[in-house]
file input23.txt (compact mmCIF, C-alpha atoms)
# COMPACT_ATOMS: atom_id res chain seq x y z
CA MET A 10 7.55 -6.87 95.12
CA GLU A 11 4.73 -8.54 93.24
CA THR A 12 3.15 -6.77 90.30
CA PRO A 13 -0.56 -6.81 89.43
CA PHE A 14 0.36 -9.34 86.73
CA ASP A 15 1.90 -11.71 89.28
CA ASN A 16 -1.37 -11.67 91.16
CA LYS A 17 -3.39 -12.02 87.95
CA ILE A 18 -5.07 -8.68 88.70
CA ILE A 19 -5.45 -6.24 85.84
CA LYS A 20 -6.29 -2.69 86.84
CA ILE A 21 -7.90 -0.53 84.16
CA ILE A 22 -8.61 3.17 84.54
CA ILE A 23 -11.90 4.49 83.13
CA ILE A 24 -11.80 8.24 82.57
CA GLY A 25 -13.50 11.04 80.60
CA ASN A 26 -16.04 13.84 80.92
CA SER A 27 -19.10 13.48 83.12
CA GLY A 28 -22.04 12.07 81.18
CA SER A 29 -19.92 10.21 78.64
CA GLY A 30 -21.19 6.85 79.92
CA LYS A 31 -18.20 5.53 81.85
CA THR A 32 -20.18 4.09 84.75
CA SER A 33 -22.85 2.68 82.43
CA PHE A 34 -20.15 0.91 80.43
CA CYS A 35 -18.66 -0.60 83.60
CA ASN A 36 -22.07 -1.78 84.80
CA ARG A 37 -22.92 -3.21 81.40
CA TRP A 38 -19.72 -5.26 81.25
CA THR A 39 -19.52 -6.38 84.88
CA LYS A 40 -23.23 -6.79 85.68
CA GLY A 41 -24.98 -6.90 82.31
CA SER A 42 -27.24 -4.04 83.42
CA PHE A 43 -28.05 -0.47 82.37
CA SER A 44 -29.93 2.34 84.06
CA ASP A 45 -31.27 5.54 82.49
CA LYS A 46 -30.97 7.28 85.84
CA TYR A 47 -27.83 9.42 85.81
CA LYS A 48 -25.76 9.69 88.96
CA ALA A 49 -22.41 11.48 88.81
CA THR A 50 -19.46 9.53 90.16
CA ILE A 51 -17.94 11.06 93.29
CA MET A 52 -14.17 10.59 93.12
CA THR A 53 -14.02 6.89 92.10
CA ASP A 54 -16.24 3.83 91.64
CA PHE A 55 -14.85 0.30 91.56
CA SER A 56 -16.12 -2.80 89.82
CA GLU A 57 -14.59 -6.20 89.15
CA LYS A 58 -15.10 -9.21 86.94
CA ILE A 59 -13.29 -12.52 86.47
CA HIS A 60 -12.20 -12.87 82.85
CA LYS A 61 -10.78 -16.02 81.26
CA TYR A 62 -8.09 -15.73 78.60
CA ASN A 63 -6.14 -18.70 77.20
CA ASP A 64 -7.51 -20.94 79.96
CA LYS A 65 -6.25 -18.60 82.68
CA GLU A 66 -8.43 -16.49 84.93
CA TYR A 67 -7.73 -12.82 85.58
CA LYS A 68 -9.47 -10.44 87.92
CA ILE A 69 -10.25 -7.27 85.97
CA SER A 70 -10.53 -4.27 88.25
CA LEU A 71 -12.19 -1.22 86.70
CA TRP A 72 -11.50 2.13 88.36
CA ASP A 73 -14.15 4.59 87.19
CA LEU A 74 -12.78 8.08 87.91
CA ALA A 75 -15.08 11.07 88.38
CA GLY A 76 -15.33 13.24 85.27
CA GLN A 77 -15.44 16.74 86.76
CA ASP A 78 -12.53 19.03 85.89
CA ARG A 79 -11.68 19.50 89.56
CA ASN A 80 -10.76 15.83 89.72
CA ILE A 81 -8.31 15.81 86.83
CA HIS A 82 -5.33 16.31 89.11
CA THR A 83 -6.25 13.42 91.44
CA THR A 84 -5.11 10.82 88.92
CA LYS A 85 -1.57 10.46 90.33
CA ILE A 86 -2.67 8.31 93.27
CA LEU A 87 -5.60 6.62 91.55
CA THR A 88 -3.64 5.45 88.51
CA LYS A 89 -0.95 3.66 90.52
CA ASN A 90 -0.40 0.11 89.19
CA ALA A 91 -2.87 0.65 86.33
CA LEU A 92 -2.05 -1.33 83.21
CA CYS A 93 -4.36 0.46 80.78
CA CYS A 94 -6.67 3.45 80.46
CA LEU A 95 -9.98 3.77 78.59
CA VAL A 96 -10.74 7.42 77.77
CA PHE A 97 -14.46 7.95 77.13
CA CYS A 98 -16.31 10.48 75.03
CA ASP A 99 -19.87 10.97 73.76
CA ILE A 100 -20.34 10.53 69.99
CA THR A 101 -23.02 13.25 70.04
CA ASN A 102 -20.73 15.77 71.74
CA ILE A 103 -17.59 16.77 69.82
CA LYS A 104 -16.30 18.73 72.82
CA SER A 105 -16.17 15.56 74.90
CA ARG A 106 -13.91 13.98 72.27
CA ASN A 107 -11.55 16.96 72.33
CA ASP A 108 -11.60 16.90 76.12
CA THR A 109 -10.28 13.33 76.12
CA LEU A 110 -6.86 14.82 75.42
CA LYS A 111 -6.64 16.55 78.81
CA TRP A 112 -7.66 13.34 80.58
CA LYS A 113 -5.18 11.31 78.56
CA ALA A 114 -2.41 13.81 79.29
CA SER A 115 -3.13 13.68 83.01
CA VAL A 116 -2.99 9.88 83.07
CA GLU A 117 0.23 9.75 81.04
CA GLU A 118 1.83 12.38 83.24
CA ASN A 119 1.10 10.44 86.41
CA SER A 120 1.56 6.79 85.48
CA VAL A 121 3.87 4.36 83.71
CA PHE A 122 3.56 0.74 82.59
CA LEU A 123 4.72 -1.32 85.57
CA ASN A 124 8.24 -0.21 86.51
CA THR A 125 9.25 0.83 82.99
CA LYS A 126 9.42 4.31 81.53
CA ASP A 127 6.70 3.46 79.01
CA LYS A 128 3.36 5.22 79.20
CA ILE A 129 0.38 3.00 79.93
CA PRO A 130 -1.69 2.30 76.80
CA CYS A 131 -4.71 4.58 76.35
CA PHE A 132 -7.70 3.61 74.21
CA LEU A 133 -10.30 6.07 72.94
CA ILE A 134 -13.87 4.85 73.55
CA GLU A 135 -16.67 6.71 71.76
CA ASN A 136 -19.93 5.85 73.51
CA LYS A 137 -23.67 6.30 72.81
CA ILE A 138 -23.68 5.08 69.22
CA ASP A 139 -27.32 4.13 69.75
CA LEU A 140 -28.09 7.87 69.42
CA VAL A 141 -26.77 8.27 65.86
CA ASP A 142 -27.81 6.86 62.48
CA ASP A 143 -26.05 3.97 60.79
CA ASP A 144 -24.13 6.16 58.36
CA THR A 145 -22.63 8.21 61.19
CA LYS A 146 -21.85 5.05 63.12
CA LYS A 147 -20.04 3.43 60.21
CA ASP A 148 -17.98 6.49 59.25
CA ILE A 149 -14.85 6.12 61.39
CA SER A 150 -12.46 8.20 59.26
CA GLU A 151 -12.50 11.28 61.52
CA LEU A 152 -12.31 9.20 64.70
CA SER A 153 -9.43 7.15 63.29
CA GLU A 154 -7.50 10.29 62.33
CA PHE A 155 -8.08 11.83 65.76
CA SER A 156 -6.88 8.65 67.46
CA GLN A 157 -3.73 8.37 65.36
CA ASN A 158 -2.82 12.05 65.59
CA ASN A 159 -3.08 11.96 69.37
CA LYS A 160 -1.24 8.66 69.81
CA TYR A 161 -4.01 6.53 71.24
CA SER A 162 -3.26 2.81 71.29
CA GLY A 163 -6.55 2.28 69.46
CA PHE A 164 -10.18 3.37 69.30
CA TYR A 165 -13.61 1.77 69.61
CA ARG A 166 -17.28 2.71 69.36
CA THR A 167 -19.88 1.32 71.71
CA SER A 168 -23.28 1.70 73.30
CA ALA A 169 -23.42 1.01 77.01
CA LYS A 170 -27.21 1.24 76.74
CA THR A 171 -27.68 -1.53 74.18
CA GLY A 172 -24.47 -3.38 75.01
CA GLU A 173 -23.24 -3.13 71.42
CA ASN A 174 -19.50 -3.91 71.20
CA VAL A 175 -19.04 -3.81 74.99
CA ASP A 176 -17.90 -7.41 75.37
CA SER A 177 -15.80 -7.42 72.20
CA ILE A 178 -14.05 -4.21 73.26
CA MET A 179 -13.10 -5.62 76.63
CA ASP A 180 -12.04 -8.95 75.11
CA SER A 181 -9.75 -7.13 72.70
CA ILE A 182 -8.25 -4.74 75.26
CA ILE A 183 -7.65 -7.43 77.89
CA ALA A 184 -5.91 -9.60 75.28
CA TYR A 185 -3.76 -6.60 74.34
CA ILE A 186 -2.77 -6.03 77.98
CA ILE A 187 -1.96 -9.68 78.67
CA ASN A 188 0.14 -9.98 75.51
CA LYS A 189 1.98 -6.80 76.50
CA LEU A 190 2.58 -8.23 79.98
CA ASP A 191 3.85 -11.50 78.49
CA GLU A 192 6.31 -9.57 76.34
CA PHE A 193 7.40 -7.53 79.34
CA GLN A 194 8.00 -10.69 81.32
CA LYS A 195 10.01 -12.25 78.48
CA GLN A 196 12.17 -9.14 78.24
CA GLY A 197 12.69 -9.28 82.00
CA ASN A 198 13.81 -12.92 81.77
CA LYS A 199 16.24 -12.02 78.99
CA ILE A 200 17.73 -9.30 81.16
CA GLU A 201 18.10 -11.71 84.06
CA GLN A 202 19.74 -14.26 81.75
CA ARG A 203 22.22 -11.64 80.50
CA LYS A 204 22.99 -10.68 84.11
CA SER A 205 23.59 -14.34 85.00
CA VAL A 206 25.96 -14.81 82.07
CA PHE A 207 27.78 -11.61 82.98
CA GLU A 208 28.14 -12.66 86.62
CA LEU A 209 29.37 -16.12 85.57
CA GLU A 210 31.97 -14.67 83.19
CA LYS A 211 33.05 -12.21 85.85
CA LYS A 212 33.50 -15.00 88.40
CA GLU A 213 35.46 -17.14 85.92
CA ASN A 214 37.77 -14.23 85.12
CA GLU A 215 38.31 -13.58 88.83
CA ASN A 216 39.19 -17.26 89.36
CA LYS A 217 41.66 -17.15 86.45
CA GLU A 218 43.31 -14.05 87.86
CA LYS A 219 43.52 -15.65 91.29
CA LYS A 220 45.16 -18.81 89.86
CA SER A 221 47.59 -16.64 87.93
CA ASP A 222 48.53 -14.78 91.08
CA ASP A 223 48.98 -18.04 93.02
CA CYS A 224 51.36 -19.57 90.52
CA CYS A 225 53.62 -16.55 90.63
call {"tool": "encode", "arguments": {"input": "input23.txt", "output": "structure tokens"}}
result
Amino acid sequence: METPFDNKIIKIIIIGNSGSGKTSFCNRWTKGSFSDKYKATIMTDFSEKIHKYNDKEYKISLWDLAGQDRNIHTTKILTKNALCCLVFCDITNIKSRNDTLKWKASVEENSVFLNTKDKIPCFLIENKIDLVDDDTKKDISELSEFSQNNKYSGFYRTSAKTGENVDSIMDSIIAYIINKLDEFQKQGNKIEQRKSVFELEKKENENKEKKSDDCC
């Protein structure tokens, strides 16, 4: 069975409370656009973009999941084959940051990285930095501590409205995923090599035993 990596398709889950800017972020990265008109996502929105990394093209598929609490238990089906999750919060709303933990837990409970037992990497994305002053924006100590204590793979701050950091965030996260996939593939090749050596040794031993039996 082919994996999303074999097809050069990278599926990324976008999740978090309603109003945290998930859809705006997706539109900003895929279309370069932003709208002040708020429209709640119903179940899931999809958007795609071709991204080049190391002279190879990948189709990045963003799955923007609805942020209402009633949808938190629908992640099992929607996260299938996802390779990463971006958990969004609003920098002006401390509750939305704390709520990222329930979304993260739901994703980790219902998905793994490819066919391994590893959890898919989750990144904390704090949006709407255009609404705070420069001092607040630059002070990342509390956000860093929150991210580390809750075992996020990393954290970023962005503004979907102005586009600040949007491209650099996606560049960084996609590179992280591809490098992780490359390592996974190398480990898989090593396992196959060990299996081949084992099978060869087993066959040689069987031939030796057969020859021994024949001569007696």
call {"tool": "atom_distance", "arguments": {"input": "input23.txt", "atom1": "atom CA of A:Ser115", "atom2": "atom CA of A:Ser70"}}
result
20.1 Å
call {"tool": "closest_residue", "arguments": {"input": "input23.txt", "among": "A:Gln194, A:Asn158, A:Ser44, A:Ser120", "to": "A:Leu92", "atoms": "all atoms listed in the file"}}
result
A:Ser120
call {"tool": "residues_around", "arguments": {"input": "input23.txt", "residues": "A:Asn63", "least_positions_apart": "5", "cutoff": "12 Å", "atoms": "all atoms listed in the file", "output": "VMD selection string"}}
result
chain A and resid 180 183 to 184 187 to 188
call {"tool": "residues_around", "arguments": {"input": "input23.txt", "residues": "A:Trp38", "least_positions_apart": "3", "cutoff": "9 Å", "atoms": "all atoms listed in the file", "output": "JSON, numbers by chain"}}
result
{"A": [33, 34, 35, 41, 42, 58, 169, 172, 175, 176, 179]}
call {"tool": "atom_distance", "arguments": {"input": "input23.txt", "atom1": "atom CA of A:Val141", "atom2": "atom CA of A:Leu71"}}
result
27.1 Å
call {"tool": "closest_residue", "arguments": {"input": "input23.txt", "among": "A:Cys131, A:Ile21, A:Leu190, A:Val121", "to": "A:Val96", "atoms": "all atoms listed in the file"}}
result
A:Cys131
call {"tool": "closest_residue", "arguments": {"input": "input23.txt", "among": "A:Phe43, A:Glu135, A:Ile182, A:Ile69", "to": "A:Ile103", "atoms": "only C-alpha atoms"}}
result
A:Glu135
